[in-house]
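Just entry_35.cif here, mmCIF, C-alpha atoms:
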```cif
data_run
#
loop_
_atom_site.group_PDB
_atom_site.id
_atom_site.type_symbol
_atom_site.label_atom_id
_atom_site.label_comp_id
_atom_site.auth_asym_id
_atom_site.auth_seq_id
_atom_site.Cartn_x
_atom_site.Cartn_y
_atom_site.Cartn_z
ATOM 1 C CA MET A 11 59.971 181.206 -67.825
ATOM 2 C CA ALA A 12 60.595 177.753 -69.250
ATOM 3 C CA GLY A 13 58.036 177.526 -72.000
ATOM 4 C CA GLY A 14 54.688 178.946 -71.049
ATOM 5 C CA PRO A 15 53.233 182.366 -71.616
ATOM 6 C CA GLY A 16 56.291 184.085 -70.146
ATOM 7 C CA ARG A 17 58.432 183.184 -73.137
ATOM 8 C CA ILE A 18 55.766 184.415 -75.555
ATOM 9 C CA ILE A 19 55.442 187.716 -73.702
ATOM 10 C CA PHE A 20 59.236 188.017 -73.652
ATOM 11 C CA GLY A 21 59.293 187.515 -77.436
ATOM 12 C CA PHE A 22 56.753 190.287 -77.974
ATOM 13 C CA ALA A 23 58.701 192.563 -75.623
ATOM 14 C CA LEU A 24 61.838 191.938 -77.692
ATOM 15 C CA LEU A 25 59.975 192.816 -80.869
ATOM 16 C CA ALA A 26 58.751 196.048 -79.280
ATOM 17 C CA LEU A 27 62.285 196.872 -78.129
ATOM 18 C CA MET A 28 63.643 196.125 -81.597
ATOM 19 C CA ARG A 29 61.224 198.593 -83.173
ATOM 20 C CA GLY A 30 62.874 201.363 -81.173
ATOM 21 C CA ILE A 31 66.325 200.648 -82.622
ATOM 22 C CA ASP A 32 67.268 202.017 -86.024
ATOM 23 C CA PHE A 33 69.050 199.184 -87.817
ATOM 24 C CA GLU A 34 69.309 201.293 -90.980
ATOM 25 C CA ASP A 35 72.181 203.031 -89.173
ATOM 26 C CA ASP A 36 75.403 201.205 -90.076
ATOM 27 C CA THR A 37 76.762 201.480 -86.527
ATOM 28 C CA ASN A 38 73.674 199.820 -85.001
ATOM 29 C CA LEU A 39 73.730 197.098 -87.649
ATOM 30 C CA PHE A 40 77.430 196.447 -87.006
ATOM 31 C CA LEU A 41 76.830 196.286 -83.237
ATOM 32 C CA LEU A 42 73.969 193.850 -83.762
ATOM 33 C CA ARG A 43 76.175 191.580 -85.868
ATOM 34 C CA VAL A 44 78.955 191.729 -83.270
ATOM 35 C CA LEU A 45 76.458 190.962 -80.494
ATOM 36 C CA PHE A 46 75.067 188.034 -82.479
ATOM 37 C CA GLY A 47 78.544 186.607 -83.119
ATOM 38 C CA THR A 48 79.578 187.092 -79.495
ATOM 39 C CA VAL A 49 76.448 185.356 -78.208
ATOM 40 C CA GLN A 50 77.048 182.407 -80.539
ATOM 41 C CA VAL A 51 80.654 182.048 -79.337
ATOM 42 C CA ILE A 52 79.530 182.178 -75.696
ATOM 43 C CA LEU A 53 76.853 179.548 -76.377
ATOM 44 C CA GLY A 54 79.446 177.349 -78.078
ATOM 45 C CA ILE A 55 81.649 177.647 -75.001
ATOM 46 C CA CYS A 56 78.683 176.767 -72.734
ATOM 47 C CA VAL A 57 77.900 173.656 -74.767
ATOM 48 C CA ALA A 58 81.592 172.649 -74.699
ATOM 49 C CA VAL A 59 81.681 173.135 -70.910
ATOM 50 C CA LEU A 60 78.555 170.993 -70.553
ATOM 51 C CA TYR A 61 80.179 168.257 -72.630
ATOM 52 C CA GLN A 62 83.398 168.382 -70.587
ATOM 53 C CA ARG A 63 81.525 168.236 -67.270
ATOM 54 C CA ILE A 64 79.453 165.274 -68.439
ATOM 55 C CA ARG A 65 82.637 163.431 -69.476
ATOM 56 C CA ALA A 66 84.389 164.360 -66.227
ATOM 57 C CA GLN A 67 81.526 163.084 -64.084
ATOM 58 C CA ALA A 68 81.325 159.811 -66.070
ATOM 59 C CA ASP A 69 78.152 158.612 -64.341
ATOM 60 C CA THR A 70 77.646 154.936 -65.267
ATOM 61 C CA THR A 71 74.295 154.600 -63.496
ATOM 62 C CA GLU A 72 71.861 152.934 -65.875
ATOM 63 C CA ILE A 73 68.437 154.400 -66.633
ATOM 64 C CA THR A 74 65.570 153.316 -68.853
ATOM 65 C CA VAL A 75 64.638 155.839 -71.536
ATOM 66 C CA PRO A 76 61.954 155.743 -74.200
ATOM 67 C CA ILE A 77 63.167 155.123 -77.733
ATOM 68 C CA ASP A 78 62.940 158.178 -79.954
ATOM 69 C CA PRO A 79 59.482 158.146 -81.599
ATOM 70 C CA LYS A 80 61.038 159.423 -84.837
ATOM 71 C CA ALA A 81 62.940 156.139 -85.060
ATOM 72 C CA ALA A 82 59.600 154.306 -85.266
ATOM 73 C CA TYR A 83 59.062 155.837 -88.699
ATOM 74 C CA ILE A 84 62.287 154.281 -89.873
ATOM 75 C CA ASP A 85 61.601 150.868 -88.306
ATOM 76 C CA PRO A 86 57.812 150.487 -87.932
ATOM 77 C CA ASP A 87 58.139 146.998 -86.404
ATOM 78 C CA PRO A 88 55.409 146.760 -83.717
ATOM 79 C CA ASP A 89 57.423 144.139 -81.837
ATOM 80 C CA SER A 90 60.419 146.435 -81.386
ATOM 81 C CA PRO A 91 61.048 147.579 -77.792
ATOM 82 C CA LYS A 92 59.696 150.961 -76.709
ATOM 83 C CA THR A 93 62.472 151.622 -74.186
ATOM 84 C CA LYS A 94 66.194 151.072 -73.884
ATOM 85 C CA VAL A 95 68.719 151.046 -71.061
ATOM 86 C CA VAL A 96 71.579 153.581 -71.231
ATOM 87 C CA THR A 97 74.036 155.110 -68.794
ATOM 88 C CA ILE A 98 73.424 158.620 -67.529
ATOM 89 C CA GLU A 99 76.635 159.727 -69.251
ATOM 90 C CA ASP A 100 75.438 158.407 -72.634
ATOM 91 C CA TYR A 101 71.995 159.945 -72.131
ATOM 92 C CA ASP A 102 73.463 163.335 -71.214
ATOM 93 C CA ILE A 103 75.877 163.211 -74.168
ATOM 94 C CA GLY A 104 72.886 162.612 -76.448
ATOM 95 C CA GLN A 105 71.076 165.547 -74.831
ATOM 96 C CA VAL A 106 74.067 167.872 -75.229
ATOM 97 C CA LYS A 107 74.305 166.889 -78.909
ATOM 98 C CA GLN A 108 70.626 167.757 -79.369
ATOM 99 C CA LEU A 109 71.156 171.076 -77.592
ATOM 100 C CA CYS A 110 74.173 171.803 -79.778
ATOM 101 C CA MET A 111 72.107 171.104 -82.907
ATOM 102 C CA LYS A 112 69.377 173.484 -81.706
ATOM 103 C CA VAL A 113 71.922 176.230 -81.097
ATOM 104 C CA VAL A 114 73.721 175.693 -84.410
ATOM 105 C CA MET A 115 70.475 175.527 -86.395
ATOM 106 C CA GLY A 116 69.144 178.692 -84.734
ATOM 107 C CA CYS A 117 72.401 180.461 -85.509
ATOM 108 C CA LEU A 118 72.536 179.296 -89.126
ATOM 109 C CA ILE A 119 68.905 180.030 -89.900
ATOM 110 C CA GLY A 120 69.087 183.494 -88.329
ATOM 111 C CA ALA A 121 72.332 184.308 -90.149
ATOM 112 C CA PHE A 122 71.004 182.980 -93.474
ATOM 113 C CA ILE A 123 67.798 185.022 -93.282
ATOM 114 C CA HIS A 124 69.805 188.128 -92.404
ATOM 115 C CA TYR A 125 72.326 187.531 -95.181
ATOM 116 C CA LYS A 126 69.801 186.576 -97.875
ATOM 117 C CA TRP A 127 67.042 189.128 -97.220
ATOM 118 C CA ASN A 128 68.828 191.678 -94.989
ATOM 119 C CA VAL A 129 66.286 191.168 -92.186
ATOM 120 C CA THR A 130 67.571 192.087 -88.722
ATOM 121 C CA ALA A 131 64.795 190.555 -86.586
ATOM 122 C CA PRO A 132 66.228 186.993 -86.550
ATOM 123 C CA LEU A 133 69.654 188.199 -85.421
ATOM 124 C CA PHE A 134 68.169 190.373 -82.689
ATOM 125 C CA MET A 135 65.757 187.710 -81.434
ATOM 126 C CA GLN A 136 68.380 184.931 -81.465
ATOM 127 C CA CYS A 137 70.705 187.061 -79.333
ATOM 128 C CA PHE A 138 68.216 186.594 -76.494
ATOM 129 C CA LEU A 139 66.189 183.469 -77.249
ATOM 130 C CA LEU A 140 69.094 181.059 -77.841
ATOM 131 C CA PRO A 141 70.784 181.905 -74.513
ATOM 132 C CA MET A 142 67.417 181.486 -72.782
ATOM 133 C CA GLN A 143 67.048 178.086 -74.392
ATOM 134 C CA VAL A 144 70.471 176.998 -73.142
ATOM 135 C CA ILE A 145 70.031 178.429 -69.641
ATOM 136 C CA GLU A 146 66.603 176.807 -69.219
ATOM 137 C CA HIS A 147 67.783 173.398 -70.447
ATOM 138 C CA GLN A 148 67.946 170.643 -67.830
ATOM 139 C CA LEU A 149 71.630 169.990 -68.608
ATOM 140 C CA ALA A 150 72.533 173.576 -67.716
ATOM 141 C CA LYS A 151 70.555 173.360 -64.501
ATOM 142 C CA VAL A 152 72.355 170.176 -63.474
ATOM 143 C CA TYR A 153 75.900 170.740 -64.766
ATOM 144 C CA LEU A 154 76.283 174.543 -64.821
ATOM 145 C CA PHE A 155 74.083 175.624 -61.908
ATOM 146 C CA GLY A 156 74.631 172.552 -59.720
ATOM 147 C CA GLN A 157 70.988 171.653 -59.097
ATOM 148 C CA PRO A 158 70.440 168.019 -58.055
ATOM 149 C CA ALA A 159 68.975 165.740 -60.744
ATOM 150 C CA LYS A 160 65.858 164.994 -58.718
ATOM 151 C CA GLY A 161 62.180 165.800 -59.152
ATOM 152 C CA ALA A 162 61.650 167.773 -62.355
ATOM 153 C CA LEU A 163 65.335 167.298 -63.235
ATOM 154 C CA ALA A 164 65.251 163.506 -62.881
ATOM 155 C CA ARG A 165 66.187 161.706 -66.060
ATOM 156 C CA PRO A 166 64.818 160.935 -68.634
ATOM 157 C CA TRP A 167 63.675 164.449 -69.432
ATOM 158 C CA LYS A 168 60.499 165.290 -71.286
ATOM 159 C CA GLU A 169 61.166 166.449 -74.828
ATOM 160 C CA GLU A 170 60.010 170.058 -75.215
ATOM 161 C CA THR A 171 58.233 171.170 -78.351
ATOM 162 C CA PRO A 172 57.459 174.692 -79.555
ATOM 163 C CA PHE A 173 53.780 174.015 -78.879
ATOM 164 C CA ASP A 174 54.260 173.257 -75.172
ATOM 165 C CA ALA A 175 53.702 176.937 -74.368
ATOM 166 C CA PHE A 176 50.218 176.780 -75.865
ATOM 167 C CA LYS A 177 49.452 173.504 -74.076
ATOM 168 C CA MET A 178 50.407 175.094 -70.755
ATOM 169 C CA MET A 179 48.022 178.000 -71.338
ATOM 170 C CA ASN A 180 45.108 175.601 -71.858
ATOM 171 C CA GLU A 181 45.918 173.312 -68.909
ATOM 172 C CA PRO A 182 43.910 174.000 -65.769
ATOM 173 C CA ASP A 183 45.830 175.413 -62.831
ATOM 174 C CA GLU A 184 46.429 172.720 -60.189
ATOM 175 C CA ASN A 185 45.931 175.210 -57.341
ATOM 176 C CA LYS A 186 42.499 176.169 -58.674
ATOM 177 C CA ILE A 187 41.537 172.517 -58.987
ATOM 178 C CA ARG A 188 42.588 171.849 -55.369
ATOM 179 C CA GLN A 189 40.691 174.914 -54.145
ATOM 180 C CA GLU A 190 37.558 173.788 -55.988
ATOM 181 C CA GLU A 191 37.879 170.284 -54.499
ATOM 182 C CA LYS A 192 38.248 171.738 -50.988
ATOM 183 C CA LYS A 193 35.244 173.972 -51.573
ATOM 184 C CA LYS A 194 33.143 171.008 -52.722
ATOM 185 C CA ALA A 195 34.281 168.997 -49.681
ATOM 186 C CA ARG A 196 33.257 171.853 -47.336
ATOM 187 C CA GLU A 197 29.903 172.163 -49.062
ATOM 188 C CA ALA A 198 29.373 168.398 -48.738
ATOM 189 C CA LYS A 199 30.151 168.596 -45.001
ATOM 190 C CA LYS A 200 27.706 171.483 -44.580
ATOM 191 C CA ALA A 201 25.057 169.505 -46.444
ATOM 192 C CA LYS A 202 25.583 166.496 -44.113
ATOM 193 C CA LYS A 203 25.328 168.700 -41.010
ATOM 194 C CA ALA A 204 22.173 170.309 -42.339
ATOM 195 C CA LYS A 205 20.492 166.883 -42.661
#
```
Please lay out the structure from this file as structure tokens.
Amino acid sequence: MAGGPGRIIFGFALLALMRGIDFEDDTNLFLLRVLFGTVQVILGICVAVLYQRIRAQADTTEITVPIDPKAAYIDPDPDSPKTKVVTIEDYDIGQVKQLCMKVVMGCLIGAFIHYKWNVTAPLFMQCFLLPMQVIEHQLAKVYLFGQPAKGALARPWKEETPFDAFKMMNEPDENKIRQEEKKKAREAKKAKKAK
């Protein structure tokens, strides 16, 4: 469910589930706050474990990664290099720091909205969406679930944006494209035989 329509459907399902829970009841509100706090602590532990495993592995293999495009706004020199060489350990440390910032920002924004306007939706949604974000991250797949860093998990990883889900919905399905190409090839063969 990494990105794509599955995550959007999951979000709507969570909203529907949330409508069935009465958060005006003090007990339900207390349980939601405890769940939110517990999830944040567990996510903090996961990020710390990722960091420790990256340090323990200490992979000094060098890879070439693109320079952050946001840095181009700071230094718009057209002659500056577009890539840099870093070790896998340094790259993964940078990725775990970005993941940590995403988790912390999600936690703080959800807690602030709940505290300031007494809205429960951000707390409820973050209890499920932040763990999904961590579990689906490439670092978790490599360091927590032991998947080899090959294929889709080969570094450097593509930076995901919130709009990737919409891009995926508009992209043509590769299987359909292959089937159409095969169909055209069969039709071309039939046309040759008919001549």
(Q) Between A:Glu197, A:Gln136, A:Pro76, A:Leu60, which residue has the minimum interatomic distance to A:His124, considering all atoms listed in the file? (A)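 With all atoms listed in the file as the atom set, the closest residue is A:Gln136.
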Pick out the residues sitting within 10 Å of A:Phe20, and hand them over as a PDB file with C-alpha atoms, in the coordinates of the input; count only C-alpha atoms, and ignore anything fewer than 5 positions along from it in its own chain.
```pdb
ATOM      1  CA  MET A  11      59.971 181.206 -67.825  1.00  0.00           C
ATOM      2  CA  PRO A  15      53.233 182.366 -71.616  1.00  0.00           C
ATOM      3  CA  LEU A  25      59.975 192.816 -80.869  1.00  0.00           C
ATOM      4  CA  ALA A  26      58.751 196.048 -79.280  1.00  0.00           C
ATOM      5  CA  PHE A 138      68.216 186.594 -76.494  1.00  0.00           C
ATOM      6  CA  LEU A 139      66.189 183.469 -77.249  1.00  0.00           C
TER       7      LEU A 139
END
```
To test the calculation: enclose all listed atoms of stretch 131-143 of chain A in a box whose edges run along x, y and z, add 4 Å on each side, then state centre and edge lengths in Å to one decimal, as lines of an AutoDock Vina configuration file.
```
center_x = 67.8
center_y = 184.3
center_z = -79.7
size_x = 14.0
size_y = 20.5
size_z = 21.8
```
Q. Do you have the atom CA of A:Leu45-atom CA of A:Ile18 distance handy?
A.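 One can read the atom CA of A:Leu45 to atom CA of A:Ile18 distance as 22.3 Å.
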Q: For stretch 92-99 of chain A, work out the shell of residues within 7 Å, counting all atoms listed in the file and skipping chain neighbours fewer than 3 positions away, then give it as number ranges by chain.
A: A: 64, 68-77, 102-103
Please produce an output containing C-alpha atoms for each residue in the selection, written as a PDB file, in the coordinates of the input.
```
ATOM      1  CA  ILE A  64      79.453 165.274 -68.439  1.00  0.00           C
ATOM      2  CA  ALA A  68      81.325 159.811 -66.070  1.00  0.00           C
ATOM      3  CA  ASP A  69      78.152 158.612 -64.341  1.00  0.00           C
ATOM      4  CA  THR A  70      77.646 154.936 -65.267  1.00  0.00           C
ATOM      5  CA  THR A  71      74.295 154.600 -63.496  1.00  0.00           C
ATOM      6  CA  GLU A  72      71.861 152.934 -65.875  1.00  0.00           C
ATOM      7  CA  ILE A  73      68.437 154.400 -66.633  1.00  0.00           C
ATOM      8  CA  THR A  74      65.570 153.316 -68.853  1.00  0.00           C
ATOM      9  CA  VAL A  75      64.638 155.839 -71.536  1.00  0.00           C
ATOM     10  CA  PRO A  76      61.954 155.743 -74.200  1.00  0.00           C
ATOM     11  CA  ILE A  77      63.167 155.123 -77.733  1.00  0.00           C
ATOM     12  CA  ASP A 102      73.463 163.335 -71.214  1.00  0.00           C
ATOM     13  CA  ILE A 103      75.877 163.211 -74.168  1.00  0.00           C
TER      14      ILE A 103
END
```
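Coordinates place atom CA of A:Gln105 at a distance of 9.2 Å from atom CA of A:Trp167.
Every protein, DNA or RNA residue with an atom at most 8 Å from stretch 111-113 of chain A, where all atoms listed in the file count and chain neighbours fewer than 3 positions away do not, is listed here: Leu53, Lys107, Gln108, Gly116, Cys117 and Leu140 of chain A.
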Q. Quick one: of A:Glu191, A:Lys203, A:Leu109, A:Glu169, who's nearest to A:Ile145, counting all atoms listed in the file?
A.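 Among the listed residues, A:Leu109 lies closest to A:Ile145.
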Q.
Excluding A:Ile52 and its own-chain neighbours fewer than 4 positions away, which residues fall within 12 Å of it when counting all atoms listed in the file? Please give them as a PyMOL selection string.
A. chain A and resi 45-48+56-59+113+137+140-141+144-145
Q | Gap from atom CA of A:Asn38 to atom CA of A:Gln143 - Å, one decimal | A |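 Straight-line distance from atom CA of A:Asn38 to atom CA of A:Gln143 works out to 25.1 Å.
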Q | Protein and nucleic acid residues near (71.4, 196.5, -85.6) (cut-off 12 Å, all atoms listed in the file) as a ChimeraX atom specification | A | /A:27-46,124,128-135,137
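The closest residue to A:Arg63, picked from A:Pro166, A:Gly161, A:Gly16, A:Gly156 and counting only C-alpha atoms, is A:Gly156.
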Q.
I'd like to know which of A:Leu163, A:Ile123, A:Ala198, A:Glu146 is closest to A:Arg17, using all atoms listed in the file.
A.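 Closest to A:Arg17 of all the choices is A:Glu146.
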Q) Looking at A:Asp78, A:Gln67, A:Ile187, A:Arg196, which one is nearest to A:Val152, with distances taken over all atoms listed in the file? A)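 Looking at the shortest contact to A:Val152, the residue is A:Gln67.
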